[in-house]
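> Input coords.txt, format and content: compact mmCIF, C-alpha atoms.
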```
# COMPACT_ATOMS: atom_id res chain seq x y z
CA MET A 1116 151.12 181.97 194.73
CA PRO A 1117 149.30 182.61 198.04
CA PHE A 1118 146.83 179.96 199.27
CA ARG A 1119 143.20 180.86 198.97
CA PRO A 1120 140.83 178.90 201.18
CA ARG A 1121 137.72 179.81 199.14
CA THR A 1122 139.15 178.43 195.92
CA ALA A 1123 140.21 175.17 197.59
CA ALA A 1124 136.77 174.65 199.07
CA THR A 1125 135.13 175.19 195.73
CA GLY A 1126 137.38 172.59 194.02
CA ALA A 1127 136.73 170.04 196.74
CA ALA A 1128 132.99 170.44 196.37
CA LEU A 1129 133.19 169.89 192.62
CA ALA A 1130 135.25 166.72 193.08
CA VAL A 1131 132.79 165.29 195.56
CA ALA A 1132 129.88 166.01 193.18
CA ALA A 1133 131.66 164.31 190.31
CA VAL A 1134 132.28 161.20 192.35
CA LEU A 1135 128.65 161.01 193.39
CA LEU A 1136 127.26 161.45 189.87
CA CYS A 1137 129.51 158.88 188.07
CA PRO A 1138 127.82 155.68 189.48
CA ALA A 1139 124.36 156.92 188.41
CA ALA A 1140 125.56 157.46 184.80
CA ALA A 1141 127.17 154.04 184.79
CA GLU A 1142 123.93 152.41 185.92
CA ALA A 1143 121.89 154.29 183.27
CA ARG A 1144 124.05 152.93 180.37
CA PRO A 1145 123.45 149.25 179.25
CA PRO A 1146 126.29 146.79 179.65
CA THR A 1147 128.74 146.74 176.76
CA ALA A 1148 128.82 142.92 176.53
CA ALA A 1149 125.03 142.60 176.21
CA ARG A 1150 124.86 145.21 173.42
CA ALA A 1151 127.62 143.70 171.28
CA GLY A 1152 126.54 140.02 171.51
CA PRO A 1153 125.21 138.26 168.27
CA PRO A 1154 121.40 137.51 167.87
CA THR A 1155 120.16 133.99 168.57
CA ALA A 1156 119.34 132.07 165.33
CA ALA A 1157 116.07 130.08 165.04
CA ALA A 1158 116.38 126.34 164.95
CA PRO A 1159 116.05 124.95 161.33
CA GLY A 1160 112.90 122.85 160.27
CA TRP A 1161 112.54 119.59 158.32
CA SER A 1162 113.44 119.11 154.63
CA ALA A 1163 112.98 116.52 151.85
CA ALA A 1164 115.10 115.89 148.75
CA PRO A 1165 116.33 113.03 146.53
CA THR A 1166 119.08 110.97 148.11
CA GLY A 1167 122.56 111.63 146.79
CA ALA A 1168 124.58 114.73 146.20
CA ALA A 1169 123.08 117.88 144.68
CA ARG A 1170 119.98 116.31 143.12
CA THR A 1171 116.96 118.57 142.74
CA ALA A 1172 114.69 116.11 140.87
CA PHE A 1173 114.19 112.41 140.20
CA TYR A 1174 115.23 111.23 136.72
CA LEU A 1175 113.78 107.86 135.65
CA GLU A 1176 113.75 106.10 132.29
CA GLY A 1177 112.54 102.71 131.07
CA PRO A 1178 110.35 100.85 128.57
CA PRO A 1179 106.68 99.95 129.13
CA GLY A 1180 106.12 97.22 131.70
CA THR A 1181 109.13 98.00 133.89
CA ALA A 1182 109.33 99.09 137.57
CA LEU A 1183 111.71 101.95 138.35
CA THR A 1184 112.85 102.63 141.95
CA ASP A 1185 114.44 105.55 143.76
CA ARG A 1186 114.75 106.98 147.33
CA LEU A 1187 113.60 110.09 149.12
CA ALA A 1188 115.56 111.55 152.06
CA VAL A 1189 113.53 113.25 154.84
CA ARG A 1190 115.63 115.16 157.47
CA ASN A 1191 114.22 116.12 160.90
CA PRO A 1192 116.61 118.38 162.88
CA THR A 1193 113.99 119.34 165.46
CA GLY A 1194 113.64 117.95 168.95
CA ARG A 1195 110.30 116.29 168.35
CA PRO A 1196 109.11 113.50 165.96
CA LEU A 1197 108.06 114.48 162.44
CA THR A 1198 105.28 112.78 160.44
CA VAL A 1199 104.98 113.37 156.67
CA ARG A 1200 102.56 112.13 153.99
CA LEU A 1201 103.74 111.13 150.49
CA ALA A 1202 101.80 111.34 147.19
CA GLY A 1203 102.40 111.56 143.45
CA ASP A 1204 100.92 114.00 140.90
CA GLY A 1205 101.05 114.88 137.23
CA GLY A 1206 101.99 112.27 134.66
CA VAL A 1207 103.09 109.69 137.26
CA ASP A 1208 99.93 109.87 139.35
CA GLY A 1209 98.71 106.31 139.71
CA TRP A 1210 102.08 104.88 138.72
CA LEU A 1211 103.85 105.91 141.94
CA ALA A 1212 103.77 103.54 144.95
CA PHE A 1213 105.26 103.74 148.49
CA GLY A 1214 105.79 101.11 151.15
CA THR A 1215 103.63 103.31 153.37
CA PRO A 1216 102.01 106.64 152.41
CA GLU A 1217 102.86 108.13 155.82
CA VAL A 1218 106.33 108.17 157.45
CA THR A 1219 107.38 109.25 161.00
CA VAL A 1220 110.94 110.53 161.43
CA PRO A 1221 112.44 110.61 165.00
CA PRO A 1222 114.00 113.84 166.35
CA ARG A 1223 117.37 114.84 164.90
CA THR A 1224 117.24 111.96 162.39
CA GLN A 1225 117.24 111.52 158.61
CA ALA A 1226 115.05 108.81 157.03
CA SER A 1227 115.48 107.25 153.56
CA VAL A 1228 112.09 106.39 152.04
CA PRO A 1229 112.02 104.09 148.93
CA PHE A 1230 109.33 104.37 146.23
CA THR A 1231 108.55 102.66 142.90
CA VAL A 1232 107.25 103.95 139.56
CA THR A 1233 105.60 101.15 137.53
CA VAL A 1234 105.29 101.91 133.82
CA PRO A 1235 102.14 100.27 132.33
CA ASP A 1236 102.46 97.93 129.36
CA THR A 1237 100.26 100.25 127.32
CA ALA A 1238 102.26 103.39 128.10
CA ALA A 1239 103.21 105.43 125.06
CA PRO A 1240 106.85 106.31 124.54
CA GLY A 1241 107.80 109.85 125.46
CA GLY A 1242 108.18 112.15 128.45
CA ARG A 1243 105.85 111.94 131.45
CA PRO A 1244 106.48 114.87 133.79
CA GLY A 1245 105.16 114.52 137.33
CA GLY A 1246 106.07 115.14 140.92
CA LEU A 1247 106.39 113.69 144.44
CA THR A 1248 104.66 115.75 147.14
CA VAL A 1249 105.75 115.62 150.82
CA THR A 1250 103.35 117.21 153.32
CA GLY A 1251 104.31 117.71 156.99
CA THR A 1252 102.11 117.65 160.08
CA THR A 1253 102.69 121.37 160.68
CA PRO A 1254 100.08 123.32 158.69
CA GLY A 1255 101.51 125.01 155.61
CA THR A 1256 104.66 122.89 155.39
CA ARG A 1257 104.80 121.18 152.03
CA THR A 1258 107.55 120.26 149.58
CA ARG A 1259 107.23 119.08 145.94
CA ILE A 1260 110.10 117.33 144.16
CA PRO A 1261 109.85 116.98 140.32
CA ILE A 1262 109.95 113.54 138.68
CA ARG A 1263 111.26 113.44 135.11
CA LEU A 1264 110.07 110.12 133.68
CA ARG A 1265 110.78 109.08 130.12
CA VAL A 1266 109.19 105.99 128.59
CA THR A 1267 111.45 104.48 125.95
CA GLY A 1268 110.40 102.66 122.78
CA PRO A 1269 109.45 103.39 119.14
CA THR A 1270 107.29 106.48 118.70
CA LEU A 1271 104.42 106.98 116.28
CA SER A 1272 103.00 110.39 115.43
CA ALA A 1273 99.48 110.25 113.99
CA LEU A 1274 96.89 113.03 113.93
CA THR A 1275 93.41 113.15 112.34
CA VAL A 1276 90.89 115.92 111.66
CA GLU A 1277 87.29 114.73 112.09
CA GLN A 1278 83.68 115.97 112.19
CA VAL A 1279 84.22 119.17 110.21
CA SER A 1280 81.09 121.32 109.80
CA VAL A 1281 80.20 124.96 109.16
CA THR A 1282 77.24 126.78 110.73
CA ARG A 1283 75.99 130.30 110.34
CA ARG A 1284 75.80 132.58 113.38
CA GLY A 1285 74.59 136.06 112.57
CA SER A 1286 76.90 137.69 110.09
CA ALA A 1287 79.73 135.23 110.87
CA ALA A 1288 80.26 131.49 110.39
CA LEU A 1289 81.66 128.93 112.81
CA ILE A 1290 83.91 126.10 111.61
CA HIS A 1291 83.66 123.13 113.98
CA TYR A 1292 86.20 120.29 113.98
CA THR A 1293 87.77 117.63 116.20
CA LEU A 1294 91.46 116.76 116.50
CA VAL A 1295 92.37 113.20 117.54
CA ASN A 1296 95.83 111.96 118.50
CA ARG A 1297 96.02 108.46 116.97
CA GLY A 1298 99.71 107.93 117.82
CA ASN A 1299 101.62 107.03 120.97
CA THR A 1300 103.35 110.33 121.64
CA ALA A 1301 102.08 113.72 122.79
CA LEU A 1302 101.47 116.22 119.98
CA ARG A 1303 101.10 119.98 119.70
CA PRO A 1304 99.10 120.45 116.48
CA ARG A 1305 99.31 123.21 113.89
CA LEU A 1306 96.22 124.15 111.85
CA GLU A 1307 95.75 125.69 108.38
CA VAL A 1308 92.31 126.90 107.18
CA ARG A 1309 91.29 127.40 103.56
CA ALA A 1310 87.93 128.15 101.90
CA ASP A 1311 87.20 128.25 98.14
CA GLY A 1312 83.94 129.33 96.49
CA LEU A 1313 82.56 129.10 92.99
CA PHE A 1314 84.50 132.17 91.87
CA GLY A 1315 87.80 131.70 93.70
CA SER A 1316 89.47 131.86 97.07
CA LEU A 1317 87.50 133.22 100.04
CA LEU A 1318 89.64 132.49 103.10
CA ARG A 1319 93.35 131.81 103.68
CA ARG A 1320 94.80 131.26 107.15
CA PRO A 1321 98.39 130.01 107.29
CA ALA A 1322 99.35 127.24 109.68
CA ARG A 1323 99.60 128.30 113.31
CA THR A 1324 100.35 126.38 116.52
CA LEU A 1325 97.32 125.58 118.66
CA PRO A 1326 97.48 125.96 122.44
CA ASP A 1327 96.37 122.39 123.13
CA VAL A 1328 98.83 119.54 123.75
CA LEU A 1329 97.19 116.23 122.86
CA PRO A 1330 98.34 113.17 124.81
CA PRO A 1331 98.13 109.81 123.02
CA GLY A 1332 94.50 108.91 122.34
CA ALA A 1333 93.15 112.32 123.37
CA ARG A 1334 90.47 114.29 121.47
CA ALA A 1335 89.99 118.06 121.31
CA ASP A 1336 86.82 119.77 120.00
CA ARG A 1337 87.67 123.20 118.61
CA THR A 1338 86.01 126.04 116.70
CA GLU A 1339 87.34 128.56 114.19
CA THR A 1340 85.44 131.82 113.62
CA TRP A 1341 84.98 133.10 110.07
CA SER A 1342 84.03 136.75 110.41
CA ASP A 1343 83.09 137.57 106.78
CA PRO A 1344 81.62 134.55 104.96
CA PRO A 1345 79.87 135.10 101.61
CA ALA A 1346 76.14 135.80 101.52
CA LEU A 1347 75.47 133.59 98.49
CA ASP A 1348 77.95 130.93 97.40
CA ALA A 1349 78.84 127.23 97.55
CA VAL A 1350 82.03 126.95 99.58
CA ASP A 1351 84.50 124.11 100.22
CA VAL A 1352 86.20 124.54 103.61
CA ARG A 1353 89.46 122.61 104.03
CA LEU A 1354 91.34 122.11 107.31
CA THR A 1355 94.92 120.78 107.39
CA ALA A 1356 96.49 119.73 110.72
CA THR A 1357 100.16 118.91 111.17
CA ALA A 1358 102.41 117.99 114.11
CA ALA A 1359 105.97 116.92 114.88
CA GLY A 1360 107.04 113.49 113.67
CA GLY A 1361 105.36 113.79 110.26
CA ALA A 1362 101.74 113.75 111.48
CA ARG A 1363 99.40 115.30 108.90
CA ASP A 1364 95.73 115.08 107.97
CA THR A 1365 93.21 117.05 105.86
CA ALA A 1366 89.40 117.18 106.06
CA THR A 1367 86.87 119.08 103.91
CA ALA A 1368 83.29 120.25 104.47
CA ARG A 1369 80.78 121.80 102.04
CA TYR A 1370 79.03 125.01 103.10
CA THR A 1371 76.20 126.57 101.06
CA ALA A 1372 75.57 130.22 101.88
CA ALA A 1373 72.19 131.62 100.81
CA PRO A 1374 69.98 134.33 102.38
CA TRP A 1375 66.39 133.39 103.16
CA GLY A 1376 64.91 135.75 100.56
CA ALA A 1377 67.10 134.50 97.72
CA GLY A 1378 66.58 130.92 98.82
CA GLY A 1379 62.79 131.27 98.78
CA ALA A 1380 62.81 132.90 95.36
CA LEU A 1381 65.04 130.16 94.02
CA LEU A 1382 62.72 127.48 95.34
CA LEU A 1383 59.68 129.16 93.76
CA LEU A 1384 61.50 129.46 90.44
CA LEU A 1385 62.46 125.79 90.49
CA ALA A 1386 58.89 124.78 91.36
CA ALA A 1387 57.45 126.89 88.52
CA GLY A 1388 59.91 125.51 86.02
CA GLY A 1389 59.18 121.93 87.09
CA GLY A 1390 55.42 122.48 86.75
CA GLY A 1391 55.75 123.97 83.26
CA TRP A 1392 57.96 121.14 82.10
CA ALA A 1393 55.47 118.56 83.39
CA ALA A 1394 52.58 120.28 81.54
CA VAL A 1395 54.51 120.36 78.24
CA ARG A 1396 55.42 116.73 78.57
CA ARG A 1397 51.79 115.75 79.28
CA ARG A 1398 50.60 117.57 76.15
CA ARG A 1399 53.20 115.85 74.01
CA ARG A 1400 52.11 112.47 75.27
CA ALA A 1401 48.44 113.30 74.55
CA GLY A 1402 49.29 114.35 70.93
CA ARG A 1403 51.21 111.15 70.28
CA GLY A 1404 48.31 109.05 71.58
CA GLY A 1405 45.77 110.72 69.15
CA ARG A 1406 47.92 110.18 66.08
CA THR A 1407 48.54 106.57 66.98
CA GLY A 1408 44.79 105.78 67.39
CA GLY A 1409 43.72 107.24 63.95
CA ASP A 1410 46.55 106.40 61.56
CA ALA A 1411 48.40 103.37 62.87
CA PRO A 1412 47.85 100.12 60.91
CA ALA A 1413 46.33 97.17 62.69
CA ARG A 1414 48.88 94.83 64.15
CA PRO A 1415 48.76 91.17 63.09
CA GLY A 1416 47.11 88.90 65.62
CA PRO A 1417 48.51 85.72 67.07
CA ARG A 1418 49.22 82.68 64.96
CA PRO A 1419 45.93 81.08 63.89
CA THR A 1420 44.85 77.78 65.42
CA ASP A 1421 43.61 74.66 63.62
CA GLY A 1422 39.98 75.86 63.82
CA THR A 1423 40.92 79.07 62.08
CA ARG A 1424 42.61 77.10 59.33
CA ARG A 1425 39.46 75.10 58.75
CA THR A 1426 37.45 78.29 58.56
CA SER A 1427 39.88 79.66 56.01
CA ALA A 1428 39.65 76.43 54.04
CA THR A 1429 35.85 76.65 54.05
CA THR A 1430 36.09 80.21 52.86
CA ASN A 1431 38.46 79.14 50.13
CA GLY A 1432 36.10 76.36 49.20
CA THR A 1433 33.24 78.78 48.95
CA LYS A 1434 35.35 81.06 46.80
CA GLY A 1435 36.19 78.00 44.64
CA THR A 1436 32.50 77.21 44.21
CA GLN A 1437 31.80 80.77 43.22
CA GLY A 1438 34.65 80.57 40.74
CA ALA A 1439 33.28 77.32 39.31
CA GLN A 1440 29.87 78.87 38.91
CA GLY A 1441 31.48 81.79 37.14
CA VAL A 1442 33.24 79.37 34.83
CA GLN A 1443 29.97 77.58 34.14
CA GLY A 1444 28.38 80.91 33.27
CA ASN A 1445 31.19 81.68 30.99
CA ALA A 1446 30.81 78.24 29.46
CA SER A 1447 27.08 78.83 28.83
CA SER A 1448 27.90 82.09 27.18
CA ALA A 1449 30.43 80.28 25.09
CA ASP A 1450 27.79 77.70 24.09
CA ALA A 1451 25.47 80.43 23.00
CA SER A 1452 28.22 81.97 21.03
CA ALA A 1453 29.01 78.63 19.48
CA VAL A 1454 25.42 78.08 18.40
CA ASP A 1455 25.22 81.49 16.84
CA ALA A 1456 28.59 81.15 15.16
CA PRO A 1457 28.68 80.16 11.50
CA ALA A 1458 29.98 76.88 10.18
CA ALA A 1459 33.33 78.43 9.39
CA ASP A 1460 33.89 78.79 13.15
CA ALA A 1461 33.24 75.12 13.89
CA PRO A 1462 36.78 74.43 15.14
CA LYS A 1463 36.44 77.28 17.59
CA ALA A 1464 33.14 75.82 18.81
CA ASN A 1465 34.76 72.47 19.43
CA GLY A 1466 37.46 74.17 21.47
CA ALA A 1467 34.85 75.98 23.52
CA THR A 1468 33.06 72.70 24.18
CA ALA A 1469 36.29 71.21 25.52
CA ASN A 1470 36.83 74.19 27.85
CA ARG A 1471 33.27 73.82 29.18
CA ALA A 1472 33.94 70.23 30.07
CA LYS A 1473 37.07 71.14 32.00
CA ALA A 1474 35.29 73.93 33.87
CA ALA A 1475 32.39 71.67 34.77
CA THR A 1476 34.80 69.08 36.17
CA ALA A 1477 36.62 71.72 38.31
CA GLY A 1478 33.33 73.18 39.58
CA GLY A 1479 32.04 69.78 40.60
CA THR A 1480 35.18 69.03 42.56
CA ALA A 1481 34.97 72.40 44.40
CA ALA A 1482 31.28 71.83 45.21
CA ARG A 1483 32.01 68.40 46.70
CA GLY A 1484 34.78 69.99 48.87
CA ALA A 1485 32.33 72.61 50.20
CA ALA A 1486 29.66 69.97 50.94
CA THR A 1487 32.02 67.98 53.18
CA GLY A 1488 31.99 70.85 55.75
CA GLY A 1489 35.26 72.51 54.76
CA ALA A 1490 37.42 69.45 55.44
CA THR A 1491 39.25 69.90 52.14
CA ASP A 1492 41.88 72.65 52.43
CA THR A 1493 43.06 75.16 49.85
CA THR A 1494 45.97 72.99 48.75
CA THR A 1495 43.63 70.07 47.84
CA VAL A 1496 41.46 72.33 45.72
CA ALA A 1497 44.49 73.70 43.95
CA ARG A 1498 45.78 70.20 43.20
CA THR A 1499 42.34 69.07 41.87
CA GLY A 1500 42.23 72.01 39.53
CA SER A 1501 45.68 71.18 38.33
CA GLY A 1502 44.65 67.61 37.65
CA VAL A 1503 41.67 68.71 35.62
CA ARG A 1504 43.78 71.08 33.61
CA GLY A 1505 46.27 68.31 32.94
```
Show me, as structure tokens, the structure contained in the file I just sent.

Amino acid sequence: MPFRPRTAATGAALAVAAVLLCPAAAEARPPTAARAGPPTAAAPGWSAAPTGAARTAFYLEGPPGTALTDRLAVRNPTGRPLTVRLAGDGGVDGWLAFGTPEVTVPPRTQASVPFTVTVPDTAAPGGRPGGLTVTGTTPGTRTRIPIRLRVTGPTLSALTVEQVSVTRRGSAALIHYTLVNRGNTALRPRLEVRADGLFGSLLRRPARTLPDVLPPGARADRTETWSDPPALDAVDVRLTATAAGGARDTATARYTAAPWGAGGALLLLLAAGGGGWAAVRRRRRAGRGGRTGGDAPARPGPRPTDGTRRTSATTNGTKGTQGAQGVQGNASSADASAVDAPAADAPKANGATANRAKAATAGGTAARGAATGGATDTTTVARTGSGVRG
């Protein structure tokens, strides 16, 4: 193949251009080592957790009056000191105590912080959930570790329903009541509502769980709405509350439903009836009083005194004198008859004369009794007459 100078010159020029352009391309591309290197990780911050392996919460248990202890681990991997504040919350708030509420942890160090939970003597048995809060000096850094505390001892479940009342509000009625936890354990009550009127059942609500959890000794004021109460009736409303552990109580309230118009008419009717009854009774009393004043016999007076006896004796004496005078008159008549009688009737005349003598003797005795001022009583006169007759 013959040599061609033009072709050789062209190839040389291209080679020179390639050599000159290669360094510029190499400088434009980034270094391979810098592109493939791993990213730098951020340094980790502080942390807090229960001491020991794989614990995510504190678990404490004991009877009332005991002190329960545990430890908190605070880790500071940074290059500067860390200060944290400690506090309790929830059911252990006020029972949790630290040697110091604020702890400073040196750089790249882990501190073990002890704390104590003191269970009061009056604490009720049961669970007391709470927490331990650790707050760092850096704003927004905060950690909460749960505390599961259980107070041991005998439990008592007791629940009462109190202050039950029913009030009207428009076309509905409100049932007010209060639930009281009288035991030593927390309760979640269930409530049943029942209402009965004069003619049967009016309301039935089966037992349902209430949203409130009552700690020992707590009270909860609640209201039940009755959307369709009767317009006119006498209703007994009964509430029954139950809870776990056998807690149960029932309370009843009386509710009288009456519209204003019917109530006013009823009051007027009662007032009219009472007035009519009073008028009838007054007339009956007046009629009884008139009959008693005209027809009733006179009642005997009190027992007579001695003066009254003497007056009666005087009266008797007077009557005796009058009787004696009557006898004397009869005797005079007998004398006249004796004078006019014939001789054949002489025995009869003698008998009449004897009777006149007896009568005269009795009359004289009665006259002497009357003259003495009534001192001689009826018995004496009767005895004198008997003596004369004898």
> Would you compute the distance between CA of Ala1362 in chain A and CA of Gly1298 in chain A? Give it in Å to one decimal.
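Going from CA of Ala1362 in chain A over to CA of Gly1298 in chain A, I get 8.8 Å.
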> Given only C-alpha atoms as the basis, pick out the residue of A:Asp1236, A:Asp1185, A:Glu1307, A:Asp1204 nearest to Leu1354 in chain A.
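Ranking A:Asp1236, A:Asp1185, A:Glu1307, A:Asp1204 by distance to Leu1354 in chain A, first place goes to A:Glu1307.
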> Using all atoms listed in the file, which of the listed residues (A:Arg1363, A:His1291, A:Arg1243, A:Arg1369) sits closest to Leu1274 in chain A?
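Among A:Arg1363, A:His1291, A:Arg1243, A:Arg1369, it is A:Arg1363 that comes nearest to Leu1274 in chain A.
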> Just checking: using all atoms listed in the file, which residue out of A:Gly1402, A:Arg1353, A:Leu1318, A:Ala1359 ends up closest to Arg1303 in chain A?
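The shortest atom-to-atom distance to Arg1303 in chain A comes from A:Ala1359.
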> Using only C-alpha atoms, which of the listed residues (A:Gly1315, A:Pro1269, A:Pro1240, A:Pro1344) sits closest to Pro1331 in chain A?
A:Pro1240
> Can you tell me, as a VMD selection string, what residues are no more than 9 Å from range 1364-1367 of chain A when counting only C-alpha atoms, ignoring any on the same chain fewer than 3 positions away?
chain A and resid 1273 to 1280 1351 to 1357
> Smallest atom-to-atom distance to Val1220 in chain A: which of A:Thr1293, A:Ser1162, A:Thr1233, A:Thr1267, using all atoms listed in the file?
A:Ser1162
> Nearest to Gly1203 in chain A among A:Val1234, A:Ala1163, A:Val1228, A:Leu1247, with distances taken over only C-alpha atoms: which residue is it?
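Nearest to Gly1203 in chain A: A:Leu1247.
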> Which residues are close to range 1167-1182 of chain A, i.e. within 12 Å by all atoms listed in the file, leaving aside same-chain residues fewer than 3 positions away? Reply as an MDAnalysis selection string.
chainID A and resid 1163:1164 1185:1188 1207 1210:1212 1227 1230:1248 1258:1270 1299
> Calculate how many Å separate CA of Arg1257 in chain A from CA of Pro1330 in chain A, rounding to one decimal.
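These two atoms are separated by 29.1 Å.
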> Quick one: pull the distance between CA of Arg1319 in chain A and CA of Ser1272 in chain A, Å, one decimal.
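Taking CA of Arg1319 in chain A and CA of Ser1272 in chain A, their separation equals 26.3 Å.
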> Just want the 7 Å neighbourhood of range 1284-1290 of chain A, counted on all atoms listed in the file, with same-chain residues fewer than 2 positions away dropped. Output as a PyMOL selection string.
chain A and resi 1280-1282+1292+1338-1344
